[in-house]
Amino acid sequence: MSEQSDQVIAEGIDEEPVESNRRLFSGSTQLAIAAIATVYAAFHMAALNGVSISAVTGIDIGFLPQFPLETWNFRIVHITGALALGFLIFSAYKFNDATEAGGSSRIVTPLAALLAIPAILSIVTASGFAQFLASGNAMELGGRVIWMSQAEVPEPFAVYDGIYQREVYRFGMPLLIATFGAIVTGWLERRARDQITASDVVLTLCGVAVAIYLIAIYGTAARNSIGTPQVPIGVAFAATSGAALILELTRRVAGLALVIITAIFLLYTFTAHLLPGILAVQTAYSWQRFFGHVYSDAGILGPTTAVSSTYIILFIIFAAFLQASKVGDYFVNFAFAAAGRARGGPAKVAIFASGLMGMINGTSAGNVVATGSLTIPLMKKVGYNKKTAGAIEAAASTGGQIMPPIMGAGAFIMAEITGIPYQEIAIAAIIPAVLYFVSIYFIVDFEAAKMGMRGMREDELPKLGKMLRQIYLFVPIFILIYALFLGYSVIRAGTLATVAAAVVSWMPMIMQRTAGWPSDGSTPMGARSILKAFEIAGVMSIQIIAVCACAGIIVGVISLTGVGARFSSVLLDLADASQLIALFFAMCISILLGMGMPTTAAYAVAASVVAPGLVQLGIPTLTAHFFVFYFAVVSAITPPVALASYAAAGISGSNPMATSVTSFKVGISAFVVPFMFFYHSAILMQGAWYEIVQAGLTAVLGVFLLSSSVQGWWAGREANLVIRCVLMAASLCLIAGSLLTDLIGAGIAAALFFFARLQKTSSAPAE
């Protein structure tokens, strides 16, 4: 709000919220962390576009990698960088204030510092191992390095006779001691908020040791033994440490829900041979075989990390550049200027603004915090109760995850898993996204009508003319869409859009000097702003990378144990009785797996467990994955564990459970439309153009009737229970999409409307 008037002006929407366990640095420490984050994000942009530092500078720097990097090495570096940044920035505990420092650190800190010794030993050993493998002196057979004689083995390996002892006693055991010791001491060590703990430095060193060893091993024939009982013992040690580091960072940045689910899957791996029924496996898995398998392209380095290291990190950089150009503030202000005067205006603003922001930032709960801090208080101001205000924001922010062309991050994982081109996925998402947001809009409008709400006054809103002069801020998104549909790769299109975001930031100055436009106070992106954008991207990427890597552990369990195939057999058995029951069961599993998890991880896990079974039912791959994707997304607003709803409740001051139940009602169409993917594929743009048009138009009418039924509002007046039930039946007929059901639904709707008009006429007072 402006200090001089009641005019609503969104400011600070683009600013990242400061988490309660995030360190706040200053001085040289801040500069060092900022430099690491900047280099980390810029490294990805360069690597993805095949640009080496030598090519940019014209200087041949021999020890720097030449891009493109080998795929596994690139993913390992990707995870390691996130681990290092994450442990340095996010503490193991929440801060009460900026100066918290517990007395326990006097004992714990020296103990944690001692753990640096085994961590450094593991780095030295891994480095020596890498140098020896690179020297060409090692002989390999069946993926195992054969050590010919002690004389041929350079330091630090000459101390022991064989590779096994060296891997265990000079690398593996020190690494595990340092890793688990630092995790435990990290929970106990207390330092001021602007200081890094010794334990987190040790955890960073352990991440480096894991990376060095795995890059060395995966560059040799030892890769062939990954996932087999012959996996090198050092890989198992490195993978155990790496998995523990990923779980700890995930706990810090995403909470316990995903960690607990991952722990259950890990427990299942080692107890599956003892379980009955479909959960059983024939033989027990050894620690060495499992952890040798999990840190491979069948697990942590598999599809989830493949996507986070390419598409997701690229679009995080894009989002950071948009933030630097203040596009988030513009989205919200534009939405207020365009929709604020409608009845219940702030709620309709929340639909548009949160959808646009959620599409870019890829997290439902995070988007609630960013835009909800402005929209929720304003919704309460115009008459929405606090429960409804929070629910509308949660549902709208969640919808951003299904809005093309970016769709948060899940669409990129879908493209990676299914092999379906990203452009096809984005096109298929158009009608379902329209149905979702149209449904929310109607529900919001009917609620406003029932309560007799007004819109906001002209003097409370940003000026539409000024907003239209800044329409150029949409240009990067238009360029992204245009480039994708021209056939450019996602990486090239994302890079062009990122460059465009920097270019359009100069438009105000250009228009001010050439056309005499008034200054809007913005500044063009220079070198400093671009570096700042890369820094923001580096920090923003930590959570999603940790979550994707953690989800990769679950994917590794599923691929090794084959539990996903056994779930598929259950779906096939259910389908013998009824395909609708099988779909309902698949919906429940997808939602349960997604509860408490970010969208990306929720979909990745559900796609591994549920989607293969749907495909075996004969459902097309795109339809099956969209079905799973939708329910993984809406798990953010599904009781009892609804992250987006809980975040909104924290802002609105309402009861979290009541808010999540209301969010479920507001987003009800997202629980109905996926079933229509199965019955009428035209909703996913599959089929002739006239079928697609028919499905789209009748489905929009269907969600209108569905919203009317849910809200109990029809033809300008409240509807009784009978009319609401009939409206529900008509809506389902129209959403189904076939010509017969469309005619039935439209006929019912017309009859209801005619009946309502007759009632209104008969009840009107005579003149």
# chains A, B, ... in the order shown; residues from 1 in each chain; ligands from 1
>>> select_by_dssp(residues="range 387-497 of chain A", states="alpha helix (DSSP H)", output="PyMOL selection string")
chain A and resi 387-399+410-418+422-428+430-450+464-469+475-485+490-497
>>> residues_around(residues="Leu705 in chain A", least_positions_apart="3", cutoff="8 Å", atoms="only C-alpha atoms", output="PyMOL selection string")
chain A and resi 701-702+708-709+727-728+730-731+749
>>> atom_distance(atom1="CA of Cys725 in chain A", atom2="CA of Phe446 in chain A")
16.8 Å
>>> residues_around(residues="range 420-424 of chain A", least_positions_apart="4", cutoff="8 Å", atoms="only C-alpha atoms", output="number ranges by chain")
A: 411-412, 414-416, 428, 484-485, 490, 622
>>> write_last_selection(atoms="C-alpha atoms", output="PDB file, in the first residue's frame")
ATOM      1  CA  ALA A 411       6.482 -30.727 -17.446  1.00  0.00           C
ATOM      2  CA  PHE A 412      10.223 -30.981 -18.029  1.00  0.00           C
ATOM      3  CA  MET A 414       7.434 -35.522 -17.894  1.00  0.00           C
ATOM      4  CA  ALA A 415       9.270 -34.865 -21.146  1.00  0.00           C
ATOM      5  CA  GLU A 416      12.393 -36.571 -19.787  1.00  0.00           C
ATOM      6  CA  ALA A 428      -1.723 -30.646 -24.342  1.00  0.00           C
ATOM      7  CA  LEU A 484       9.447 -23.202 -28.473  1.00  0.00           C
ATOM      8  CA  PHE A 485       6.802 -23.374 -31.163  1.00  0.00           C
ATOM      9  CA  VAL A 490      14.017 -25.858 -24.616  1.00  0.00           C
ATOM     10  CA  LEU A 622       0.672 -38.788 -22.433  1.00  0.00           C
TER      11      LEU A 622
END
>>> closest_residue(among="A:Gly292, A:Ala298, A:Thr375, A:Phe74", to="Val332 in chain A", atoms="only C-alpha atoms")
A:Thr375
>>> closest_residue(among="A:Leu249, A:Ile351, A:Ala116, A:Ile530", to="Ile545 in chain A", atoms="only C-alpha atoms")
A:Leu249
>>> residues_around(residues="range 463-466 of chain A", least_positions_apart="3", cutoff="8 Å", atoms="only C-alpha atoms", output="PyMOL selection string")
chain A and resi 334+337-338+469-470
>>> closest_residue(among="A:Val634, A:Val108, A:Ile683, A:Ala216", to="Ile427 in chain A", atoms="only C-alpha atoms")
A:Ile683
>>> closest_residue(among="A:Gly50, A:Val609, A:Gly181, A:Arg341", to="Arg566 in chain A", atoms="only C-alpha atoms")
A:Val609
>>> residues_around(residues="Ser541 in chain A", least_positions_apart="5", cutoff="9 Å", atoms="only C-alpha atoms", output="PyMOL selection string")
chain A and resi 41+82+308+312-313+316-317+536+546
>>> atom_distance(atom1="CA of Thr561 in chain A", atom2="CA of Ala575 in chain A")
23.7 Å
>>> closest_residue(among="A:Ile440, A:Val210, A:Leu614, A:Ala537", to="Val700 in chain A", atoms="only C-alpha atoms")
A:Ile440
>>> atom_distance(atom1="CA of Arg492 in chain A", atom2="CA of Cys550 in chain A")
27.8 Å
>>> closest_residue(among="A:Val259, A:Asp194, A:Leu88, A:Val77", to="Leu214 in chain A", atoms="only C-alpha atoms")
A:Val77
>>> decode(residues="range 685-696 of chain A", atoms="C-alpha atoms", output="CSV table (one decimal), in the first residue's frame")
chain,number,residue,atom,x,y,z
A,685,MET,CA,-5.4,-31.6,-27.8
A,686,GLN,CA,-5.5,-35.2,-29.2
A,687,GLY,CA,-7.7,-35.6,-32.2
A,688,ALA,CA,-9.3,-33.6,-35.1
A,689,TRP,CA,-9.6,-29.8,-34.6
A,690,TYR,CA,-13.4,-29.9,-34.4
A,691,GLU,CA,-13.3,-32.5,-31.7
A,692,ILE,CA,-10.8,-30.4,-29.7
A,693,VAL,CA,-13.0,-27.3,-30.1
A,694,GLN,CA,-16.1,-29.2,-29.1
A,695,ALA,CA,-14.4,-30.7,-26.1
A,696,GLY,CA,-13.0,-27.3,-25.0
